[in-house]
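Shown here: structure03.txt, compact mmCIF, C-alpha atoms and all ligand atoms.
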# COMPACT_ATOMS: atom_id res chain seq x y z
CA MET A 1 -20.79 -12.98 -1.76
CA GLY A 2 -20.86 -14.10 -5.41
CA ASP A 3 -23.93 -12.07 -6.37
CA ASN A 4 -22.69 -8.89 -4.74
CA MET A 5 -19.44 -9.11 -6.61
CA SER A 6 -21.16 -8.57 -9.94
CA LYS A 7 -22.20 -5.14 -8.64
CA ILE A 8 -18.73 -3.72 -8.18
CA GLU A 9 -18.43 -0.20 -9.50
CA ILE A 10 -15.16 1.55 -10.12
CA HIS A 11 -14.73 5.31 -9.68
CA ASP A 12 -11.66 7.18 -10.77
CA LEU A 13 -11.46 10.45 -8.81
CA ASN A 14 -9.24 12.12 -11.40
CA GLU A 15 -11.82 11.41 -14.08
CA LEU A 16 -14.72 12.53 -11.87
CA ILE A 17 -12.99 15.81 -11.06
CA SER A 18 -12.03 16.59 -14.65
CA SER A 19 -15.53 15.78 -15.89
CA ASN A 20 -16.96 18.29 -13.39
CA TYR A 21 -18.83 15.81 -11.27
CA PRO A 22 -20.77 17.49 -8.43
CA GLN A 23 -18.22 18.76 -5.93
CA SER A 24 -20.18 17.49 -2.91
CA PHE A 25 -20.14 13.95 -4.33
CA VAL A 26 -16.40 14.09 -4.96
CA GLU A 27 -15.77 15.48 -1.47
CA LYS A 28 -17.81 12.71 0.10
CA LEU A 29 -15.78 10.08 -1.77
CA ILE A 30 -12.53 11.73 -0.66
CA ASN A 31 -13.69 11.70 2.93
CA ASP A 32 -14.99 8.12 2.81
CA VAL A 33 -11.64 6.94 1.44
CA LEU A 34 -9.91 8.72 4.33
CA LEU A 35 -12.13 6.92 6.84
CA LEU A 36 -11.38 3.56 5.22
CA SER A 37 -7.63 4.29 5.03
CA LEU A 38 -7.54 4.90 8.75
CA GLU A 39 -8.41 1.20 9.18
CA VAL A 40 -5.14 0.21 7.57
CA LYS A 41 -2.97 3.21 8.41
CA THR A 42 -3.60 3.18 12.16
CA ASP A 43 0.09 3.25 12.92
CA TYR A 44 0.96 6.25 10.79
CA PRO A 45 0.20 9.30 12.93
CA ASP A 46 0.76 11.75 10.06
CA TYR A 47 -1.47 9.93 7.60
CA LYS A 48 -4.46 12.22 7.90
CA GLN A 49 -2.29 15.28 7.47
CA TRP A 50 -0.49 13.80 4.47
CA TYR A 51 -3.84 12.92 2.94
CA THR A 52 -5.47 16.32 3.35
CA THR A 53 -2.46 18.56 2.65
CA ILE A 54 -0.63 16.56 -0.02
CA HIS A 55 -2.77 13.87 -1.57
CA VAL A 56 -6.09 15.71 -1.93
CA PRO A 57 -4.55 18.84 -3.59
CA GLY A 58 -2.75 16.45 -5.97
CA LEU A 59 -6.12 15.09 -7.08
CA TYR A 60 -6.96 18.55 -8.35
CA ASP A 61 -3.62 19.36 -10.00
CA GLY A 62 -3.53 16.01 -11.78
CA THR A 63 -0.45 14.54 -10.07
CA ARG A 64 -2.44 12.16 -7.89
CA ASN A 65 -5.44 9.91 -8.18
CA ILE A 66 -7.62 7.53 -6.19
CA ILE A 67 -9.37 4.62 -7.82
CA ILE A 68 -12.24 3.36 -5.74
CA ALA A 69 -14.20 0.11 -5.72
CA HIS A 70 -17.82 0.42 -4.62
CA ILE A 71 -20.55 -2.06 -3.90
CA LYS A 72 -23.81 -0.15 -3.77
CA ASP A 73 -23.06 2.83 -1.51
CA LYS A 74 -20.17 1.21 0.23
CA ILE A 75 -16.50 1.73 -0.57
CA VAL A 76 -14.90 -1.71 -0.33
CA GLY A 77 -11.41 -0.85 -1.53
CA PHE A 78 -9.22 1.76 -3.14
CA VAL A 79 -5.81 2.42 -4.53
CA SER A 80 -4.23 5.85 -4.18
CA LEU A 81 -1.61 6.87 -6.68
CA LYS A 82 1.06 9.42 -7.48
CA LYS A 83 2.05 10.06 -11.06
CA THR A 84 4.73 12.58 -11.86
CA LYS A 85 7.59 12.45 -14.34
CA GLU A 86 9.93 11.45 -11.52
CA GLU A 87 7.75 8.99 -9.68
CA LYS A 88 4.98 6.51 -10.41
CA LYS A 89 3.85 5.17 -7.11
CA ILE A 90 1.08 3.27 -5.36
CA CYS A 91 0.71 5.21 -2.10
CA THR A 92 -1.93 3.02 -0.48
CA PHE A 93 -3.69 -0.11 -1.70
CA TYR A 94 -6.40 -1.65 0.41
CA VAL A 95 -9.43 -3.90 0.09
CA GLU A 96 -11.53 -4.18 3.20
CA LYS A 97 -10.90 -7.44 4.99
CA ARG A 98 -14.29 -9.06 4.50
CA PHE A 99 -14.32 -8.26 0.77
CA GLN A 100 -10.84 -9.62 0.08
CA LYS A 101 -10.19 -12.55 -2.27
CA ASN A 102 -12.97 -11.53 -4.66
CA LYS A 103 -10.70 -10.09 -7.36
CA ILE A 104 -11.36 -6.50 -6.27
CA GLY A 105 -7.64 -6.00 -5.63
CA THR A 106 -6.82 -7.37 -9.07
CA ILE A 107 -9.28 -4.99 -10.75
CA LEU A 108 -7.92 -2.02 -8.78
CA VAL A 109 -4.29 -2.79 -9.53
CA GLU A 110 -5.05 -3.19 -13.25
CA ARG A 111 -6.72 0.21 -13.29
CA ALA A 112 -3.80 1.67 -11.31
CA ILE A 113 -1.29 0.35 -13.82
CA ALA A 114 -3.29 1.72 -16.74
CA TYR A 115 -3.45 5.15 -15.09
CA LEU A 116 0.23 5.17 -14.12
CA GLU A 117 1.29 3.68 -17.47
CA GLU A 118 3.71 1.59 -15.43
CA GLU A 119 3.43 -2.13 -14.69
CA LYS A 120 5.96 -1.95 -11.89
CA PRO A 121 5.16 1.14 -9.84
CA LEU A 122 6.96 1.84 -6.61
CA ILE A 123 5.05 0.52 -3.59
CA THR A 124 6.04 0.01 0.02
CA ILE A 125 4.38 -2.80 1.90
CA PRO A 126 4.54 -3.60 5.62
CA LEU A 127 6.56 -6.80 5.97
CA ASP A 128 3.76 -8.49 7.90
CA LYS A 129 1.38 -7.87 4.94
CA LEU A 130 3.76 -8.87 2.18
CA HIS A 131 2.27 -12.34 1.73
CA GLU A 132 -1.09 -10.77 0.82
CA PHE A 133 0.56 -9.10 -2.20
CA THR A 134 2.62 -12.08 -3.35
CA ARG A 135 0.24 -13.39 -6.02
CA ILE A 136 -0.55 -10.00 -7.50
CA GLY A 137 3.14 -9.09 -7.42
CA ARG A 138 4.22 -12.33 -9.04
CA ARG A 139 1.80 -11.93 -11.92
CA LEU A 140 3.11 -8.43 -12.61
CA GLY A 141 6.77 -9.26 -12.12
CA TRP A 142 7.14 -6.93 -9.13
CA GLN A 143 10.46 -7.06 -7.34
CA ILE A 144 11.60 -6.46 -3.79
CA THR A 145 14.34 -3.87 -3.84
CA ASP A 146 14.89 -2.95 -0.21
CA ILE A 147 13.65 -3.32 3.32
CA LYS A 148 13.51 -0.44 5.75
CA GLU A 149 12.77 -0.08 9.42
CA ASN A 150 9.47 1.72 9.78
CA LEU A 151 9.69 5.06 11.47
CA TYR A 152 6.30 4.72 13.11
CA ARG A 153 5.93 1.03 13.70
CA ILE A 154 8.94 -0.18 15.67
CA GLY A 155 9.79 -3.77 14.80
CA SER A 156 7.59 -3.74 11.72
CA PRO A 157 9.69 -2.99 8.67
CA GLU A 158 8.47 -1.80 5.28
CA VAL A 159 9.39 -3.67 2.15
CA ILE A 160 10.21 -1.46 -0.83
CA VAL A 161 8.94 -2.98 -4.06
CA ASN A 162 9.99 -1.85 -7.55
CA GLY A 163 12.45 0.73 -6.24
CA ASN A 164 15.76 1.35 -7.94
CA LEU A 165 18.06 -0.74 -5.81
CA ALA A 166 19.43 -4.28 -6.12
CA GLN A 167 16.67 -6.65 -7.14
CA GLU A 168 15.09 -9.65 -5.56
CA THR A 169 11.76 -11.03 -6.65
CA THR A 170 8.50 -11.23 -4.73
CA THR A 171 7.71 -14.36 -6.65
CA GLN A 172 8.35 -16.97 -4.04
CA ASN A 173 7.30 -17.27 -0.47
CA LYS A 174 10.63 -18.98 0.11
CA GLU A 175 12.41 -15.77 -0.74
CA ILE A 176 10.14 -13.73 1.48
CA LYS A 177 10.81 -16.09 4.38
CA GLN A 178 14.53 -15.78 3.74
CA LEU A 179 14.25 -12.02 3.75
CA VAL A 180 12.37 -12.04 7.03
CA ARG A 181 14.96 -14.43 8.50
CA GLN A 182 17.85 -12.23 7.40
CA TYR A 183 16.13 -9.22 8.84
CA ARG A 184 15.56 -10.91 12.19
CA ILE A 185 19.17 -12.11 12.38
CA GLN A 186 20.34 -8.58 11.69
CA LYS A 187 18.04 -7.24 14.38
CA ILE A 188 19.31 -9.70 16.97
CA LYS A 189 22.91 -8.83 16.06
CA THR A 190 22.17 -5.13 16.53
CA LEU A 191 20.45 -5.85 19.81
CA LEU A 192 23.43 -7.87 21.06
CA GLN A 193 25.82 -5.14 19.99
CA ASN A 194 23.80 -2.53 21.84
CA LEU A 195 23.65 -4.77 24.87
CA LYS A 196 27.44 -5.21 24.82
CA LEU A 197 27.90 -1.49 24.49
CA PHE A 198 25.49 -0.91 27.33
CA LEU A 199 27.28 -3.41 29.59
CA SER A 200 30.72 -2.03 28.79
CA ILE A 201 29.54 1.50 29.55
CA ASN A 202 28.08 0.33 32.82
CA GLN A 203 31.32 -1.45 33.77
CA ASN A 204 33.39 1.72 33.29
C1 LIG B 1 -3.45 -7.03 -1.18
C2 LIG B 1 -4.94 -6.80 -1.26
C3 LIG B 1 -5.21 -5.38 -1.75
C4 LIG B 1 -5.54 -7.81 -2.24
O1 LIG B 1 -6.93 -7.54 -2.39
P1 LIG B 1 -7.97 -8.66 -2.83
O2 LIG B 1 -9.22 -7.99 -3.25
O3 LIG B 1 -8.08 -9.70 -1.81
O4 LIG B 1 -7.23 -9.24 -4.14
P2 LIG B 1 -7.77 -10.34 -5.14
O5 LIG B 1 -9.04 -10.95 -4.65
O6 LIG B 1 -7.77 -9.76 -6.49
O7 LIG B 1 -6.65 -11.44 -5.02
C5 LIG B 1 -5.46 -11.40 -5.79
C6 LIG B 1 -4.61 -12.60 -5.45
O8 LIG B 1 -4.07 -12.44 -4.12
C7 LIG B 1 -4.43 -13.56 -3.31
N1 LIG B 1 -4.71 -13.07 -1.96
C8 LIG B 1 -5.66 -12.19 -1.60
N2 LIG B 1 -5.63 -12.01 -0.29
C9 LIG B 1 -4.65 -12.79 0.20
C10 LIG B 1 -4.16 -13.06 1.51
N3 LIG B 1 -4.69 -12.49 2.59
N4 LIG B 1 -3.13 -13.94 1.64
C11 LIG B 1 -2.59 -14.53 0.57
N5 LIG B 1 -3.02 -14.33 -0.71
C12 LIG B 1 -4.04 -13.47 -0.86
C13 LIG B 1 -5.68 -14.13 -3.95
O9 LIG B 1 -5.84 -15.48 -3.65
C14 LIG B 1 -5.43 -13.89 -5.41
O10 LIG B 1 -4.62 -14.89 -5.98
P3 LIG B 1 -4.93 -15.41 -7.48
O11 LIG B 1 -5.20 -14.17 -8.30
O12 LIG B 1 -3.69 -16.10 -7.88
O13 LIG B 1 -6.14 -16.26 -7.35
C15 LIG B 1 -5.62 -7.01 0.13
O14 LIG B 1 -5.26 -8.26 0.61
C16 LIG B 1 -5.26 -5.96 1.16
O15 LIG B 1 -5.86 -4.91 1.19
N6 LIG B 1 -4.28 -6.23 2.05
C17 LIG B 1 -3.81 -5.28 3.03
C18 LIG B 1 -3.13 -4.15 2.29
C19 LIG B 1 -2.33 -3.21 3.12
O16 LIG B 1 -1.81 -3.52 4.17
N7 LIG B 1 -2.22 -1.98 2.58
C20 LIG B 1 -1.43 -0.95 3.20
C21 LIG B 1 -0.10 -0.79 2.53
S1 LIG B 1 -0.18 -0.24 0.85

Starting from the file, give its structure as structure tokens.
Ligand SMILES: CC(C)(COP(=O)(O)OP(=O)(O)OC[C@H]1O[C@@H](n2cnc3c(N)ncnc32)[C@H](O)[C@@H]1OP(=O)(O)O)[C@@H](O)C(=O)NCCC(=O)NCCS
Amino acid sequence: MGDNMSKIEIHDLNELISSNYPQSFVEKLINDVLLLSLEVKTDYPDYKQWYTTIHVPGLYDGTRNIIIAHIKDKIVGFVSLKKTKEEKKICTFYVEKRFQKNKIGTILVERAIAYLEEEKPLITIPLDKLHEFTRIGRRLGWQITDIKENLYRIGSPEVIVNGNLAQETTTQNKEIKQLVRQYRIQKIKTLLQNLKLFLSINQN
């Protein structure tokens, strides 16, 4: 892998569009990123629609961007971004499994931060993927601010990072484990409550 890694190329779609790169090339990149995103966004049924009707137009009006890592002709990772006055957000951040742990994620997140002009952008991360972000998050001082049940993936909550709520840090696995534990306890309590309610209804 070592040799290949020296051939990483970074493309910034915002820059390509504003420098009048050939439209067909830009469109191919946009489509290839969509195909790669579907690997990681399998559980979000509206993803494709969000991408084509919200994210892609944003690339052209300058409120959104995608920074792409390439090796030869292959996209190996990308980070998609939203930058408005109100919100600086990492929408999706993904490095393909077999290319992970080669510093591609680190390069992408550095470019994302430079573009957003924000070291602690909002990002939501599936709880079961949180550990993959811990080291990047720690280095940048990212903080867990909330945890929300995922609308699409029942039983798989999303962790809100760098939001505006009460702060906890992503810095230690210990804290992540505690968060997961608290979440599970809460879930069991809710389940028991529902069960009690169900039984009492059935008894009446
Ligand atoms: C998070 C992610 C982008 C990191 O990409 P990457 O190219 O592997 O990142 P890097 O190689 O730059 O690694 C950065 C650090 O994270 C660590 N890391 C990478 N993958 C990891 C993993 N699976 N578990 C634990 N740590 C991991 C690396 O060891 C490295 O630590 P160091 O800098 O202290 O040495 C990648 O793991 C990923 O795509 N995960 C899934 C993302 C996802 O679910 N996205 C959808 C929601 S936005």

List the neighbours of segment 101-113 of chain A out to 9 Å using only C-alpha atoms; skip same-chain residues closer than 2 positions along the sequence, and give me the result as JSON, numbers by chain. {"A": [1, 2, 5, 8, 10, 12, 65, 66, 67, 68, 69, 76, 77, 78, 79, 80, 81, 90, 93, 94, 95, 97, 98, 99, 115, 116, 117, 118, 119, 120, 121, 136]}

Only C-alpha atoms, please: the residues just picked out, written as a short mmCIF file (atom, residue, chain, number, x, y, z; two decimals), in the frame of the given file.
data_model
loop_
_atom_site.label_atom_id
_atom_site.label_comp_id
_atom_site.auth_asym_id
_atom_site.auth_seq_id
_atom_site.Cartn_x
_atom_site.Cartn_y
_atom_site.Cartn_z
CA MET A 1 -20.79 -12.98 -1.76
CA GLY A 2 -20.86 -14.10 -5.41
CA MET A 5 -19.44 -9.11 -6.61
CA ILE A 8 -18.73 -3.72 -8.18
CA ILE A 10 -15.16 1.55 -10.12
CA ASP A 12 -11.66 7.18 -10.77
CA ASN A 65 -5.44 9.91 -8.18
CA ILE A 66 -7.62 7.53 -6.19
CA ILE A 67 -9.37 4.62 -7.82
CA ILE A 68 -12.24 3.36 -5.74
CA ALA A 69 -14.20 0.11 -5.72
CA VAL A 76 -14.90 -1.71 -0.33
CA GLY A 77 -11.41 -0.85 -1.53
CA PHE A 78 -9.22 1.76 -3.14
CA VAL A 79 -5.81 2.42 -4.53
CA SER A 80 -4.23 5.85 -4.18
CA LEU A 81 -1.61 6.87 -6.68
CA ILE A 90 1.08 3.27 -5.36
CA PHE A 93 -3.69 -0.11 -1.70
CA TYR A 94 -6.40 -1.65 0.41
CA VAL A 95 -9.43 -3.90 0.09
CA LYS A 97 -10.90 -7.44 4.99
CA ARG A 98 -14.29 -9.06 4.50
CA PHE A 99 -14.32 -8.26 0.77
CA TYR A 115 -3.45 5.15 -15.09
CA LEU A 116 0.23 5.17 -14.12
CA GLU A 117 1.29 3.68 -17.47
CA GLU A 118 3.71 1.59 -15.43
CA GLU A 119 3.43 -2.13 -14.69
CA LYS A 120 5.96 -1.95 -11.89
CA PRO A 121 5.16 1.14 -9.84
CA ILE A 136 -0.55 -10.00 -7.50
#

Identify which of the residues A:Trp50, A:Asn162, A:His55, A:Arg139 lies closest to Lys88 of chain A, counting only C-alpha atoms when measuring atom-to-atom distances.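 Once distances to Lys88 of chain A are computed over only C-alpha atoms, the minimum belongs to A:Asn162.
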
Selected residue, from A:Asn31, A:Ser37, A:Gln193, A:Gln100, that lies nearest to ligand LIG 1 (chain B) when counting only C-alpha atoms and all ligand atoms: A:Gln100

Which of these residues is nearest to ligand LIG 1 (chain B), using all atoms listed in the file: A:Tyr183, A:Trp142, A:Tyr21, A:Phe133? A:Phe133

For the atom pair atom O4 of ligand LIG 1 (chain B) and atom CA of Arg181 of chain A, what is the interatomic distance in Å to one decimal place?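 Atom O4 of ligand LIG 1 (chain B) sits 26.1 Å away from atom CA of Arg181 of chain A.
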
For ligand LIG 1 (chain B), which residue among A:Asn150, A:Ser156, A:Thr145, A:Thr92 is the nearest when counting only C-alpha atoms and all ligand atoms?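 Of A:Asn150, A:Ser156, A:Thr145, A:Thr92, the one nearest ligand LIG 1 (chain B), counting only C-alpha atoms and all ligand atoms, is A:Thr92.
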
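Here the question is which of A:Arg184, A:Lys48, A:Lys41, A:Lys83 gets nearest to ligand LIG 1 (chain B) using only C-alpha atoms and all ligand atoms, and that residue is A:Lys41.
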
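Candidate residues A:Ile125, A:Leu36, A:Val161, A:Leu140 were compared for distance to ligand LIG 1 (chain B), and the nearest is A:Ile125, using all atoms listed in the file.
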
Test item: residues at most 9 Å from segment 23-29 of chain A, only C-alpha atoms, excluding those fewer than 4 positions along its chain, as a list in words: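 My list of contacting residues is Leu13, Leu16, Ile17, Val33, Leu34, Ile68 and Ile75 of chain A.
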
How far is it from atom P2 of ligand LIG 1 (chain B) to atom CA of Gly163 of chain A, in Å with one decimal?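 Distance reported for this atom pair: 23.1 Å.
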
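Relative to atom CA of Ile30 of chain A, atom C11 of ligand LIG 1 (chain B) is found at 28.1 Å.
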
Shell of 10 Å around Gly58 of chain A, all atoms listed in the file, local chain residues under 5 positions omitted, as a compact mmCIF listing (two decimals) with C-alpha atoms, in the frame of the given file:
# COMPACT_ATOMS: atom_id res chain seq x y z
CA ASN A 14 -9.24 12.12 -11.40
CA TYR A 51 -3.84 12.92 2.94
CA THR A 52 -5.47 16.32 3.35
CA THR A 53 -2.46 18.56 2.65
CA THR A 63 -0.45 14.54 -10.07
CA ARG A 64 -2.44 12.16 -7.89
CA ASN A 65 -5.44 9.91 -8.18
CA LEU A 81 -1.61 6.87 -6.68
CA LYS A 82 1.06 9.42 -7.48
CA LYS A 83 2.05 10.06 -11.06

How would you write as an MDAnalysis selection string the residues that get within 12 Å of (3.4, -8.3, 8.6) in the file's frame, counting only C-alpha atoms? chainID A and resid 125:133 150 153 155:159 176:177 180

Might I get the box with edges along x, y and z of the file that holds all atoms of segment 83-92 of chain A listed there, padded by 4 Å on every side, given as centre and edge lengths in Å to one decimal, as JSON?
{"center_x": 4.0, "center_y": 7.8, "center_z": -7.4, "size_x": 19.9, "size_y": 17.6, "size_z": 21.9}

When you get a chance, write out all heavy atoms for segment 94-105 of chain A, as a PDB file, in the coordinates of the input.
ATOM      1  N   TYR A  94      -5.712  -0.930  -0.661  1.00  0.00           N
ATOM      2  CA  TYR A  94      -6.400  -1.650   0.410  1.00  0.00           C
ATOM      3  C   TYR A  94      -7.780  -2.121  -0.045  1.00  0.00           C
ATOM      4  O   TYR A  94      -8.550  -1.370  -0.635  1.00  0.00           O
ATOM      5  CB  TYR A  94      -6.558  -0.723   1.624  1.00  0.00           C
ATOM      6  CG  TYR A  94      -7.282  -1.346   2.792  1.00  0.00           C
ATOM      7  CD1 TYR A  94      -6.870  -2.568   3.326  1.00  0.00           C
ATOM      8  CD2 TYR A  94      -8.381  -0.707   3.374  1.00  0.00           C
ATOM      9  CE1 TYR A  94      -7.538  -3.143   4.400  1.00  0.00           C
ATOM     10  CE2 TYR A  94      -9.050  -1.282   4.458  1.00  0.00           C
ATOM     11  CZ  TYR A  94      -8.624  -2.498   4.963  1.00  0.00           C
ATOM     12  OH  TYR A  94      -9.282  -3.068   6.021  1.00  0.00           O
ATOM     13  N   VAL A  95      -8.073  -3.367   0.251  1.00  0.00           N
ATOM     14  CA  VAL A  95      -9.430  -3.900   0.090  1.00  0.00           C
ATOM     15  C   VAL A  95      -9.883  -4.331   1.478  1.00  0.00           C
ATOM     16  O   VAL A  95      -9.143  -5.024   2.198  1.00  0.00           O
ATOM     17  CB  VAL A  95      -9.453  -5.097  -0.893  1.00  0.00           C
ATOM     18  CG1 VAL A  95     -10.833  -5.749  -0.921  1.00  0.00           C
ATOM     19  CG2 VAL A  95      -9.065  -4.632  -2.298  1.00  0.00           C
ATOM     20  N   GLU A  96     -11.055  -3.883   1.852  1.00  0.00           N
ATOM     21  CA  GLU A  96     -11.530  -4.180   3.200  1.00  0.00           C
ATOM     22  C   GLU A  96     -11.555  -5.686   3.434  1.00  0.00           C
ATOM     23  O   GLU A  96     -11.957  -6.456   2.562  1.00  0.00           O
ATOM     24  CB  GLU A  96     -12.936  -3.586   3.388  1.00  0.00           C
ATOM     25  CG  GLU A  96     -13.219  -3.290   4.841  1.00  0.00           C
ATOM     26  CD  GLU A  96     -14.663  -2.894   5.065  1.00  0.00           C
ATOM     27  OE1 GLU A  96     -15.074  -1.888   4.475  1.00  0.00           O
ATOM     28  OE2 GLU A  96     -15.358  -3.597   5.813  1.00  0.00           O
ATOM     29  N   LYS A  97     -11.127  -6.037   4.646  1.00  0.00           N
ATOM     30  CA  LYS A  97     -10.900  -7.440   4.990  1.00  0.00           C
ATOM     31  C   LYS A  97     -11.997  -8.387   4.483  1.00  0.00           C
ATOM     32  O   LYS A  97     -11.736  -9.363   3.793  1.00  0.00           O
ATOM     33  CB  LYS A  97     -10.779  -7.556   6.515  1.00  0.00           C
ATOM     34  CG  LYS A  97     -10.108  -8.809   6.983  1.00  0.00           C
ATOM     35  CD  LYS A  97      -8.612  -8.585   7.249  1.00  0.00           C
ATOM     36  CE  LYS A  97      -7.822  -9.857   7.004  1.00  0.00           C
ATOM     37  NZ  LYS A  97      -6.479  -9.605   6.485  1.00  0.00           N
ATOM     38  N   ARG A  98     -13.255  -8.074   4.815  1.00  0.00           N
ATOM     39  CA  ARG A  98     -14.290  -9.060   4.500  1.00  0.00           C
ATOM     40  C   ARG A  98     -14.644  -9.117   3.014  1.00  0.00           C
ATOM     41  O   ARG A  98     -15.403  -9.982   2.593  1.00  0.00           O
ATOM     42  CB  ARG A  98     -15.548  -8.826   5.347  1.00  0.00           C
ATOM     43  CG  ARG A  98     -16.259  -7.535   5.095  1.00  0.00           C
ATOM     44  CD  ARG A  98     -17.185  -7.238   6.264  1.00  0.00           C
ATOM     45  NE  ARG A  98     -17.635  -5.883   6.229  1.00  0.00           N
ATOM     46  CZ  ARG A  98     -18.812  -5.483   5.769  1.00  0.00           C
ATOM     47  NH1 ARG A  98     -19.673  -6.370   5.324  1.00  0.00           N
ATOM     48  NH2 ARG A  98     -19.140  -4.222   5.778  1.00  0.00           N
ATOM     49  N   PHE A  99     -14.082  -8.210   2.215  1.00  0.00           N
ATOM     50  CA  PHE A  99     -14.320  -8.260   0.770  1.00  0.00           C
ATOM     51  C   PHE A  99     -13.104  -8.788   0.006  1.00  0.00           C
ATOM     52  O   PHE A  99     -13.112  -8.844  -1.224  1.00  0.00           O
ATOM     53  CB  PHE A  99     -14.711  -6.875   0.244  1.00  0.00           C
ATOM     54  CG  PHE A  99     -16.043  -6.412   0.756  1.00  0.00           C
ATOM     55  CD1 PHE A  99     -16.129  -5.581   1.864  1.00  0.00           C
ATOM     56  CD2 PHE A  99     -17.218  -6.841   0.150  1.00  0.00           C
ATOM     57  CE1 PHE A  99     -17.358  -5.164   2.346  1.00  0.00           C
ATOM     58  CE2 PHE A  99     -18.455  -6.426   0.622  1.00  0.00           C
ATOM     59  CZ  PHE A  99     -18.529  -5.594   1.735  1.00  0.00           C
ATOM     60  N   GLN A 100     -12.048  -9.145   0.753  1.00  0.00           N
ATOM     61  CA  GLN A 100     -10.840  -9.620   0.080  1.00  0.00           C
ATOM     62  C   GLN A 100     -11.078 -10.969  -0.601  1.00  0.00           C
ATOM     63  O   GLN A 100     -12.027 -11.670  -0.302  1.00  0.00           O
ATOM     64  CB  GLN A 100      -9.682  -9.725   1.081  1.00  0.00           C
ATOM     65  CG  GLN A 100      -9.147  -8.349   1.482  1.00  0.00           C
ATOM     66  CD  GLN A 100      -8.050  -8.387   2.539  1.00  0.00           C
ATOM     67  OE1 GLN A 100      -7.535  -9.446   2.884  1.00  0.00           O
ATOM     68  NE2 GLN A 100      -7.697  -7.226   3.064  1.00  0.00           N
ATOM     69  N   LYS A 101     -10.156 -11.293  -1.509  1.00  0.00           N
ATOM     70  CA  LYS A 101     -10.190 -12.550  -2.270  1.00  0.00           C
ATOM     71  C   LYS A 101     -11.410 -12.654  -3.175  1.00  0.00           C
ATOM     72  O   LYS A 101     -11.972 -13.735  -3.375  1.00  0.00           O
ATOM     73  CB  LYS A 101     -10.095 -13.754  -1.338  1.00  0.00           C
ATOM     74  CG  LYS A 101      -8.778 -13.772  -0.556  1.00  0.00           C
ATOM     75  CD  LYS A 101      -8.441 -15.112  -0.018  1.00  0.00           C
ATOM     76  CE  LYS A 101      -7.111 -15.059   0.714  1.00  0.00           C
ATOM     77  NZ  LYS A 101      -6.693 -16.292   1.302  1.00  0.00           N
ATOM     78  N   ASN A 102     -11.878 -11.532  -3.680  1.00  0.00           N
ATOM     79  CA  ASN A 102     -12.970 -11.530  -4.660  1.00  0.00           C
ATOM     80  C   ASN A 102     -12.562 -10.813  -5.945  1.00  0.00           C
ATOM     81  O   ASN A 102     -13.409 -10.323  -6.679  1.00  0.00           O
ATOM     82  CB  ASN A 102     -14.201 -10.830  -4.073  1.00  0.00           C
ATOM     83  CG  ASN A 102     -14.894 -11.689  -3.051  1.00  0.00           C
ATOM     84  OD1 ASN A 102     -15.465 -12.721  -3.393  1.00  0.00           O
ATOM     85  ND2 ASN A 102     -14.818 -11.298  -1.793  1.00  0.00           N
ATOM     86  N   LYS A 103     -11.252 -10.708  -6.143  1.00  0.00           N
ATOM     87  CA  LYS A 103     -10.700 -10.090  -7.360  1.00  0.00           C
ATOM     88  C   LYS A 103     -10.819  -8.570  -7.401  1.00  0.00           C
ATOM     89  O   LYS A 103     -10.543  -7.950  -8.430  1.00  0.00           O
ATOM     90  CB  LYS A 103     -11.326 -10.689  -8.645  1.00  0.00           C
ATOM     91  CG  LYS A 103     -11.023 -12.154  -8.849  1.00  0.00           C
ATOM     92  CD  LYS A 103      -9.586 -12.348  -9.294  1.00  0.00           C
ATOM     93  CE  LYS A 103      -9.197 -13.826  -9.228  1.00  0.00           C
ATOM     94  NZ  LYS A 103      -7.800 -14.030  -8.860  1.00  0.00           N
ATOM     95  N   ILE A 104     -11.261  -7.967  -6.289  1.00  0.00           N
ATOM     96  CA  ILE A 104     -11.360  -6.500  -6.270  1.00  0.00           C
ATOM     97  C   ILE A 104      -9.952  -5.897  -6.359  1.00  0.00           C
ATOM     98  O   ILE A 104      -9.706  -4.970  -7.120  1.00  0.00           O
ATOM     99  CB  ILE A 104     -12.098  -6.005  -5.010  1.00  0.00           C
ATOM    100  CG1 ILE A 104     -13.517  -6.578  -4.994  1.00  0.00           C
ATOM    101  CG2 ILE A 104     -12.129  -4.478  -4.949  1.00  0.00           C
ATOM    102  CD1 ILE A 104     -14.269  -6.351  -3.694  1.00  0.00           C
ATOM    103  N   GLY A 105      -9.026  -6.476  -5.597  1.00  0.00           N
ATOM    104  CA  GLY A 105      -7.640  -6.000  -5.630  1.00  0.00           C
ATOM    105  C   GLY A 105      -7.053  -6.085  -7.036  1.00  0.00           C
ATOM    106  O   GLY A 105      -6.379  -5.157  -7.496  1.00  0.00           O
TER     107      GLY A 105
END
